[in-house]
file my_file_29.txt (compact mmCIF, C-alpha atoms)
# COMPACT_ATOMS: atom_id res chain seq x y z
CA MET F 1 7.16 -21.79 397.44
CA GLU F 2 5.44 -24.11 399.86
CA ASN F 3 6.11 -23.76 403.58
CA ILE F 4 7.43 -26.68 405.60
CA THR F 5 5.37 -27.59 408.66
CA ILE F 6 6.51 -29.93 411.39
CA LEU F 7 3.67 -32.39 411.94
CA SER F 8 5.22 -34.32 414.81
CA ILE F 9 8.46 -35.22 416.60
CA GLU F 10 8.99 -38.70 417.96
CA LYS F 11 11.84 -40.03 420.09
CA LYS F 12 13.34 -43.07 418.41
CA GLN F 13 13.45 -46.24 420.50
CA LYS F 14 16.87 -47.33 421.79
CA SER F 15 18.43 -44.21 420.29
CA LYS F 16 19.28 -40.63 421.19
CA LYS F 17 17.80 -39.50 417.88
CA TYR F 18 14.43 -38.02 417.02
CA LYS F 19 12.20 -38.53 414.01
CA VAL F 20 10.93 -35.19 412.69
CA ILE F 21 7.89 -35.63 410.44
CA THR F 22 7.09 -32.73 408.13
CA ASN F 23 4.48 -32.20 405.43
CA LYS F 24 7.24 -32.96 402.89
CA GLU F 25 9.63 -35.57 404.33
CA ASP F 26 10.77 -37.27 407.52
CA TYR F 27 14.18 -36.58 409.07
CA THR F 28 16.26 -38.29 411.75
CA VAL F 29 17.90 -35.64 413.90
CA SER F 30 19.94 -35.32 417.07
CA GLU F 31 18.77 -33.51 420.18
CA ASP F 32 21.30 -30.75 419.37
CA MET F 33 19.46 -30.02 416.13
CA ILE F 34 16.08 -29.96 417.90
CA ILE F 35 17.42 -27.33 420.30
CA LYS F 36 19.45 -25.33 417.78
CA HIS F 37 16.59 -24.90 415.30
CA HIS F 38 13.74 -24.85 417.85
CA LEU F 39 12.06 -27.77 416.15
CA PHE F 40 8.63 -28.44 417.62
CA LYS F 41 5.20 -29.63 416.48
CA ASP F 42 3.31 -27.19 414.23
CA LYS F 43 6.33 -24.95 413.66
CA ILE F 44 6.35 -23.51 410.14
CA PHE F 45 9.48 -22.76 408.09
CA SER F 46 9.86 -21.18 404.69
CA GLU F 47 11.53 -23.48 402.15
CA LYS F 48 14.70 -21.36 402.33
CA GLU F 49 14.78 -21.50 406.15
CA PHE F 50 14.26 -25.25 406.14
CA ASP F 51 17.03 -25.76 403.56
CA LYS F 52 19.41 -24.35 406.18
CA VAL F 53 17.99 -26.78 408.78
CA ILE F 54 18.52 -29.71 406.38
CA GLU F 55 22.11 -28.56 405.74
CA ASP F 56 22.77 -28.48 409.48
CA ILE F 57 21.17 -31.90 409.99
CA LEU F 58 23.45 -33.39 407.33
CA GLU F 59 26.55 -31.71 408.75
CA ASP F 60 25.63 -32.92 412.24
CA GLU F 61 25.09 -36.46 410.93
CA TYR F 62 28.56 -36.53 409.35
CA PHE F 63 30.15 -34.97 412.43
CA ASN F 64 28.70 -37.79 414.56
CA LYS F 65 29.90 -40.43 412.08
CA VAL F 66 33.41 -38.97 412.35
CA ILE F 67 33.24 -38.92 416.17
CA ASN F 68 32.32 -42.63 416.10
CA LEU F 69 35.30 -43.32 413.83
CA LEU F 70 37.65 -41.37 416.11
CA SER F 71 36.39 -43.27 419.16
CA ILE F 72 37.97 -46.38 417.58
CA SER F 73 41.34 -44.80 416.69
CA LEU F 74 42.97 -41.45 416.02
CA LYS F 75 43.02 -40.29 412.41
CA SER F 76 44.79 -37.56 410.47
CA GLU F 77 42.96 -34.63 408.89
CA TYR F 78 43.51 -36.22 405.46
CA GLU F 79 42.00 -39.54 406.64
CA ILE F 80 38.93 -37.76 408.06
CA ILE F 81 38.30 -35.85 404.82
CA ASN F 82 38.77 -39.08 402.87
CA TYR F 83 36.31 -40.86 405.20
CA ILE F 84 33.71 -38.10 404.66
CA HIS F 85 34.09 -38.31 400.86
CA THR F 86 33.78 -42.12 400.93
CA ASN F 87 30.56 -41.84 402.96
CA GLU F 88 29.19 -39.13 400.69
CA THR F 89 29.57 -41.43 397.68
CA LYS F 90 28.14 -44.41 399.58
CA ASN F 91 25.11 -42.51 400.94
CA LYS F 92 24.70 -40.23 397.90
CA THR F 93 24.46 -37.25 400.27
CA TYR F 94 27.03 -34.54 399.67
CA LEU F 95 28.33 -31.81 401.93
CA LYS F 96 29.40 -28.37 400.80
CA GLN F 97 33.08 -27.49 401.26
CA ASN F 98 32.24 -25.06 404.09
CA GLN F 99 30.41 -27.88 405.93
CA ILE F 100 33.49 -30.12 405.73
CA ASN F 101 35.59 -27.16 406.95
CA ASN F 102 33.15 -26.69 409.87
CA ILE F 103 33.48 -30.36 410.86
CA ILE F 104 37.32 -30.20 410.74
CA LYS F 105 37.34 -26.93 412.71
CA LYS F 106 35.00 -28.33 415.39
CA LEU F 107 37.08 -31.52 415.72
CA LYS F 108 40.24 -29.45 416.19
CA GLN F 109 38.57 -27.23 418.79
CA LEU F 110 37.49 -30.34 420.71
CA ASN F 111 41.02 -31.76 420.29
CA TYR F 112 39.67 -34.87 418.56
CA LEU F 113 41.77 -34.03 415.53
CA ASN F 114 45.41 -33.31 416.25
CA ASP F 115 48.05 -34.39 413.71
CA ALA F 116 50.89 -33.62 416.15
CA LYS F 117 49.38 -35.92 418.81
CA LEU F 118 48.67 -38.57 416.17
CA CYS F 119 52.31 -38.38 415.05
CA GLU F 120 53.53 -38.99 418.61
CA ASN F 121 51.13 -41.95 419.08
CA VAL F 122 52.11 -43.59 415.78
CA ILE F 123 55.85 -43.17 416.54
CA ASP F 124 55.41 -44.58 420.06
CA TYR F 125 53.34 -47.54 418.78
CA TYR F 126 55.85 -48.55 416.11
CA ILE F 127 58.88 -48.08 418.38
CA ARG F 128 57.22 -50.50 420.83
CA ASN F 129 56.75 -52.88 417.87
CA ASN F 130 60.44 -52.67 416.94
CA LYS F 131 60.06 -50.73 413.71
CA GLY F 132 62.76 -48.44 412.34
CA PRO F 133 62.49 -44.69 411.64
CA LEU F 134 62.13 -45.11 407.85
CA TYR F 135 59.16 -47.48 408.30
CA ILE F 136 57.48 -45.05 410.72
CA LYS F 137 58.07 -42.08 408.41
CA GLN F 138 56.44 -43.97 405.56
CA LYS F 139 53.38 -44.79 407.71
CA LEU F 140 53.01 -41.11 408.65
CA LYS F 141 53.40 -40.02 405.02
CA GLU F 142 50.55 -42.38 404.07
CA LYS F 143 48.38 -40.38 406.47
CA LYS F 144 49.40 -37.24 404.53
CA ILE F 145 50.79 -35.59 407.67
CA ASP F 146 52.88 -32.48 407.02
CA GLU F 147 56.51 -33.47 406.35
CA LYS F 148 57.91 -30.75 408.62
CA LEU F 149 55.78 -32.10 411.49
CA ILE F 150 56.91 -35.68 410.74
CA ASN F 151 60.60 -34.67 410.77
CA ASP F 152 60.12 -32.70 413.97
CA LYS F 153 58.40 -35.58 415.81
CA ILE F 154 60.62 -38.40 414.44
CA SER F 155 63.71 -36.60 415.80
CA CYS F 156 63.02 -38.37 419.14
CA TYR F 157 64.04 -41.58 417.33
CA ASP F 158 67.80 -41.01 417.56
CA THR F 159 70.70 -43.32 416.64
CA SER F 160 71.09 -44.71 420.16
CA LEU F 161 67.41 -45.75 420.31
CA GLU F 162 67.71 -47.30 416.84
CA GLU F 163 70.80 -49.27 417.93
CA GLU F 164 69.06 -50.41 421.11
CA ILE F 165 66.10 -51.81 419.12
CA ILE F 166 68.40 -53.45 416.55
CA VAL F 167 70.32 -55.20 419.36
CA LYS F 168 67.00 -56.38 420.83
CA LEU F 169 65.97 -57.79 417.44
CA ILE F 170 69.35 -59.47 416.91
CA ASN F 171 69.10 -61.16 420.32
CA LYS F 172 65.57 -62.28 419.49
CA GLU F 173 66.70 -63.81 416.17
CA ASN F 174 69.91 -65.29 417.64
CA ASN F 175 68.59 -68.85 417.92
CA LYS F 176 68.37 -69.45 414.14
CA ASN F 177 70.15 -72.64 413.07
CA LEU F 178 71.47 -71.19 409.82
CA PRO F 179 74.96 -70.79 408.35
CA ILE F 180 76.35 -67.47 409.61
CA LYS F 181 76.38 -65.83 406.16
CA LYS F 182 72.74 -66.78 405.49
CA TYR F 183 71.75 -65.75 409.01
CA LYS F 184 73.37 -62.31 408.58
CA GLN F 185 71.74 -61.84 405.18
CA ASN F 186 68.27 -62.76 406.52
CA LEU F 187 68.75 -60.48 409.51
CA CYS F 188 69.92 -57.61 407.32
CA ASN F 189 66.89 -57.99 405.03
CA LYS F 190 64.54 -58.08 408.01
CA LEU F 191 66.04 -54.91 409.50
CA ILE F 192 65.76 -53.10 406.14
CA ARG F 193 62.10 -54.24 405.78
CA ASN F 194 61.47 -52.93 409.31
CA GLY F 195 62.75 -49.52 408.25
CA PHE F 196 66.14 -49.28 409.91
CA THR F 197 68.78 -47.07 408.32
CA SER F 198 71.75 -48.75 406.65
call {"tool": "encode", "arguments": {"input": "my_file_29.txt", "output": "C-alpha cells"}}
result
Amino acid sequence: MENITILSIEKKQKSKKYKVITNKEDYTVSEDMIIKHHLFKDKIFSEKEFDKVIEDILEDEYFNKVINLLSISLKSEYEIINYIHTNETKNKTYLKQNQINNIIKKLKQLNYLNDAKLCENVIDYYIRNNKGPLYIKQKLKEKKIDEKLINDKISCYDTSLEEEIIVKLINKENNKNLPIKKYKQNLCNKLIRNGFTS
C-alpha cells in the first residue's frame, strides 16, 4: 500500500477553507481538520490512516452544510437526515451511519437541533398566523416529530385561545357582501381549512 504524503497546504482565497494537496488527490478542508489531524507539508500517512482523515473531512463538510441550513431556519431531526441523504445523492459522496449519528449528536450538544424548541416555534408562528390546532399538528407531523411531543406542546393551544382566534377571523371577514347563508358556509370552510376543530 502506497503512503499518502502532503505536498502542500494553501489557504483558499475569500474562504476559511484550505486546499490540501497530496501525492494522490487534492482536498478542501476546514481549519478544524488541519488542527485535528495535524495536517502539514511533508507529513506522511499510511493509506489506512488517511482513510480516517478523509472520513472526517467528509463528515465535517456535511456538518458545515447542515449548520448553514440551520442558520436559515430550524429543522427537525428527520428533516436534517433527509437533507443529508439528498446531498449524498446529489454529490455522490456517502456517509456511514455512524457519521450521520455523529453529526446529529453534535448538533444536539450544540443545541442547534432541538425538536421540542422547534415544536414551540412552529406552534407560535402558526398561532400568530391564525391557524387552528389541527393545521399545526399536521405541519408538525410532516416534520416527523414524535407524536407525544406534539401533543404535549400543542396543549398550550386551548379552547379559549382557539375561540379568540376564530372571533378575530370572523371580525376580519365580516365585511363580505354575501347572503348570510353563503357567508356562513364560506367562513365555516375557511375555518376548517385553517385547522380549527368543529
call {"tool": "residues_around", "arguments": {"input": "my_file_29.txt", "residues": "Asn130 of chain F", "least_positions_apart": "5", "cutoff": "10 Å", "atoms": "only C-alpha atoms", "output": "list in words"}}
result
Tyr125, Glu162, Glu164, Ile165, Ile166, Lys168, Leu169, Leu191, Asn194, Gly195 and Phe196 of chain F
call {"tool": "residues_around", "arguments": {"input": "my_file_29.txt", "residues": "Tyr27 of chain F", "least_positions_apart": "6", "cutoff": "10 Å", "atoms": "all atoms listed in the file", "output": "PyMOL selection string"}}
result
chain F and resi 9+17-21+54+57-58
call {"tool": "write_last_selection", "arguments": {"input": "my_file_29.txt", "atoms": "C-alpha atoms", "output": "compact mmCIF listing (two decimals), in the frame of the given file"}}
result
# COMPACT_ATOMS: atom_id res chain seq x y z
CA ILE F 9 8.46 -35.22 416.60
CA LYS F 17 17.80 -39.50 417.88
CA TYR F 18 14.43 -38.02 417.02
CA LYS F 19 12.20 -38.53 414.01
CA VAL F 20 10.93 -35.19 412.69
CA ILE F 21 7.89 -35.63 410.44
CA ILE F 54 18.52 -29.71 406.38
CA ILE F 57 21.17 -31.90 409.99
CA LEU F 58 23.45 -33.39 407.33
call {"tool": "residues_around", "arguments": {"input": "my_file_29.txt", "residues": "Ile103 of chain F", "least_positions_apart": "5", "cutoff": "9 Å", "atoms": "only C-alpha atoms", "output": "JSON list (two decimals) with C-alpha atoms, in the frame of the given file"}}
result
[["chain", "number", "residue", "atom", "x", "y", "z"],
["F", 59, "GLU", "CA", 26.55, -31.71, 408.75],
["F", 60, "ASP", "CA", 25.63, -32.92, 412.24],
["F", 62, "TYR", "CA", 28.56, -36.53, 409.35],
["F", 63, "PHE", "CA", 30.15, -34.97, 412.43],
["F", 66, "VAL", "CA", 33.41, -38.97, 412.35],
["F", 98, "ASN", "CA", 32.24, -25.06, 404.09],
["F", 108, "LYS", "CA", 40.24, -29.45, 416.19]]
call {"tool": "residues_near_point", "arguments": {"input": "my_file_29.txt", "point": "(52.3, -37.6, 418.4)", "cutoff": "12 Å", "atoms": "only C-alpha atoms", "output": "ChimeraX atom specification"}}
result
/F:74-76,113-126,136,140,145,149-156
call {"tool": "write_last_selection", "arguments": {"input": "my_file_29.txt", "atoms": "C-alpha atoms", "output": "PDB file, in the coordinates of the input"}}
result
ATOM      1  CA  LEU F  74      42.970 -41.450 416.020  1.00  0.00           C
ATOM      2  CA  LYS F  75      43.020 -40.290 412.410  1.00  0.00           C
ATOM      3  CA  SER F  76      44.790 -37.560 410.470  1.00  0.00           C
ATOM      4  CA  LEU F 113      41.770 -34.030 415.530  1.00  0.00           C
ATOM      5  CA  ASN F 114      45.410 -33.310 416.250  1.00  0.00           C
ATOM      6  CA  ASP F 115      48.050 -34.390 413.710  1.00  0.00           C
ATOM      7  CA  ALA F 116      50.890 -33.620 416.150  1.00  0.00           C
ATOM      8  CA  LYS F 117      49.380 -35.920 418.810  1.00  0.00           C
ATOM      9  CA  LEU F 118      48.670 -38.570 416.170  1.00  0.00           C
ATOM     10  CA  CYS F 119      52.310 -38.380 415.050  1.00  0.00           C
ATOM     11  CA  GLU F 120      53.530 -38.990 418.610  1.00  0.00           C
ATOM     12  CA  ASN F 121      51.130 -41.950 419.080  1.00  0.00           C
ATOM     13  CA  VAL F 122      52.110 -43.590 415.780  1.00  0.00           C
ATOM     14  CA  ILE F 123      55.850 -43.170 416.540  1.00  0.00           C
ATOM     15  CA  ASP F 124      55.410 -44.580 420.060  1.00  0.00           C
ATOM     16  CA  TYR F 125      53.340 -47.540 418.780  1.00  0.00           C
ATOM     17  CA  TYR F 126      55.850 -48.550 416.110  1.00  0.00           C
ATOM     18  CA  ILE F 136      57.480 -45.050 410.720  1.00  0.00           C
ATOM     19  CA  LEU F 140      53.010 -41.110 408.650  1.00  0.00           C
ATOM     20  CA  ILE F 145      50.790 -35.590 407.670  1.00  0.00           C
ATOM     21  CA  LEU F 149      55.780 -32.100 411.490  1.00  0.00           C
ATOM     22  CA  ILE F 150      56.910 -35.680 410.740  1.00  0.00           C
ATOM     23  CA  ASN F 151      60.600 -34.670 410.770  1.00  0.00           C
ATOM     24  CA  ASP F 152      60.120 -32.700 413.970  1.00  0.00           C
ATOM     25  CA  LYS F 153      58.400 -35.580 415.810  1.00  0.00           C
ATOM     26  CA  ILE F 154      60.620 -38.400 414.440  1.00  0.00           C
ATOM     27  CA  SER F 155      63.710 -36.600 415.800  1.00  0.00           C
ATOM     28  CA  CYS F 156      63.020 -38.370 419.140  1.00  0.00           C
TER      29      CYS F 156
END
call {"tool": "closest_residue", "arguments": {"input": "my_file_29.txt", "among": "F:Ile34, F:Ile104, F:Leu95, F:Ile192", "to": "Lys11 of chain F", "atoms": "only C-alpha atoms"}}
result
F:Ile34
call {"tool": "atom_distance", "arguments": {"input": "my_file_29.txt", "atom1": "atom CA of Tyr94 of chain F", "atom2": "atom CA of Leu107 of chain F"}}
result
19.2 Å
call {"tool": "closest_residue", "arguments": {"input": "my_file_29.txt", "among": "F:His37, F:Lys105, F:Lys141, F:Lys14", "to": "Glu55 of chain F", "atoms": "all atoms listed in the file"}}
result
F:His37
call {"tool": "closest_residue", "arguments": {"input": "my_file_29.txt", "among": "F:Ile35, F:Leu187, F:Ser30, F:Lys43", "to": "Thr5 of chain F", "atoms": "all atoms listed in the file"}}
result
F:Lys43
call {"tool": "atom_distance", "arguments": {"input": "my_file_29.txt", "atom1": "atom CA of Asn68 of chain F", "atom2": "atom CA of Thr89 of chain F"}}
result
18.7 Å
call {"tool": "closest_residue", "arguments": {"input": "my_file_29.txt", "among": "F:Tyr78, F:Phe45, F:Tyr183, F:Tyr112", "to": "Lys24 of chain F", "atoms": "all atoms listed in the file"}}
result
F:Phe45
call {"tool": "closest_residue", "arguments": {"input": "my_file_29.txt", "among": "F:Ile80, F:Ile127, F:Cys188, F:Val167", "to": "Lys144 of chain F", "atoms": "all atoms listed in the file"}}
result
F:Ile80
call {"tool": "atom_distance", "arguments": {"input": "my_file_29.txt", "atom1": "atom CA of Glu47 of chain F", "atom2": "atom CA of Glu25 of chain F"}}
result
12.4 Å
call {"tool": "residues_around", "arguments": {"input": "my_file_29.txt", "residues": "Lys48 of chain F", "least_positions_apart": "3", "cutoff": "12 Å", "atoms": "all atoms listed in the file", "output": "list in words"}}
result
Met1, Glu2, Asn3, Ile4, Ile44, Phe45, Asp51, Lys52, Val53, Ile54 and Glu55 of chain F
call {"tool": "closest_residue", "arguments": {"input": "my_file_29.txt", "among": "F:Gly132, F:Glu49, F:Lys12, F:Asp56", "to": "Met33 of chain F", "atoms": "only C-alpha atoms"}}
result
F:Asp56
call {"tool": "build_atoms", "arguments": {"input": "my_file_29.txt", "residues": "segment 82-104 of chain F", "atoms": "N, CA and C atoms", "output": "short mmCIF file (atom, residue, chain, number, x, y, z; two decimals), in the frame of the given file"}}
result
data_model
loop_
_atom_site.label_atom_id
_atom_site.label_comp_id
_atom_site.auth_asym_id
_atom_site.auth_seq_id
_atom_site.Cartn_x
_atom_site.Cartn_y
_atom_site.Cartn_z
N ASN F 82 38.94 -37.92 403.73
CA ASN F 82 38.77 -39.08 402.87
C ASN F 82 37.56 -39.91 403.30
N TYR F 83 37.43 -40.10 404.62
CA TYR F 83 36.31 -40.86 405.20
C TYR F 83 34.97 -40.17 404.87
N ILE F 84 34.93 -38.86 404.98
CA ILE F 84 33.71 -38.10 404.66
C ILE F 84 33.35 -38.30 403.19
N HIS F 85 34.35 -38.15 402.30
CA HIS F 85 34.09 -38.31 400.86
C HIS F 85 33.61 -39.72 400.51
N THR F 86 34.19 -40.72 401.16
CA THR F 86 33.78 -42.12 400.93
C THR F 86 32.32 -42.30 401.33
N ASN F 87 31.94 -41.73 402.48
CA ASN F 87 30.56 -41.84 402.96
C ASN F 87 29.58 -41.06 402.09
N GLU F 88 30.04 -39.93 401.58
CA GLU F 88 29.19 -39.13 400.69
C GLU F 88 28.80 -39.96 399.47
N THR F 89 29.80 -40.61 398.87
CA THR F 89 29.57 -41.43 397.68
C THR F 89 28.65 -42.60 398.01
N LYS F 90 28.93 -43.24 399.15
CA LYS F 90 28.14 -44.41 399.58
C LYS F 90 26.68 -44.04 399.84
N ASN F 91 26.48 -42.92 400.54
CA ASN F 91 25.11 -42.51 400.94
C ASN F 91 24.43 -41.60 399.93
N LYS F 92 25.21 -41.18 398.91
CA LYS F 92 24.70 -40.23 397.90
C LYS F 92 24.13 -38.96 398.54
N THR F 93 24.78 -38.54 399.62
CA THR F 93 24.46 -37.25 400.27
C THR F 93 25.76 -36.48 400.36
N TYR F 94 25.77 -35.28 399.81
CA TYR F 94 27.03 -34.54 399.67
C TYR F 94 27.02 -33.25 400.48
N LEU F 95 28.15 -33.03 401.15
CA LEU F 95 28.33 -31.81 401.93
C LEU F 95 28.94 -30.72 401.06
N LYS F 96 28.71 -29.48 401.45
CA LYS F 96 29.40 -28.37 400.80
C LYS F 96 30.78 -28.26 401.44
N GLN F 97 31.72 -27.61 400.74
CA GLN F 97 33.08 -27.49 401.26
C GLN F 97 33.10 -26.80 402.62
N ASN F 98 32.25 -25.77 402.80
CA ASN F 98 32.24 -25.06 404.09
C ASN F 98 31.75 -25.96 405.22
N GLN F 99 30.88 -26.95 404.90
CA GLN F 99 30.41 -27.88 405.93
C GLN F 99 31.54 -28.81 406.38
N ILE F 100 32.33 -29.27 405.39
CA ILE F 100 33.49 -30.12 405.73
C ILE F 100 34.48 -29.31 406.57
N ASN F 101 34.70 -28.05 406.18
CA ASN F 101 35.59 -27.16 406.95
C ASN F 101 35.08 -26.98 408.38
N ASN F 102 33.76 -26.84 408.53
CA ASN F 102 33.15 -26.69 409.87
C ASN F 102 33.42 -27.92 410.73
N ILE F 103 33.26 -29.11 410.12
CA ILE F 103 33.48 -30.36 410.86
C ILE F 103 34.94 -30.44 411.32
N ILE F 104 35.88 -30.14 410.41
CA ILE F 104 37.32 -30.20 410.74
C ILE F 104 37.63 -29.19 411.85
#
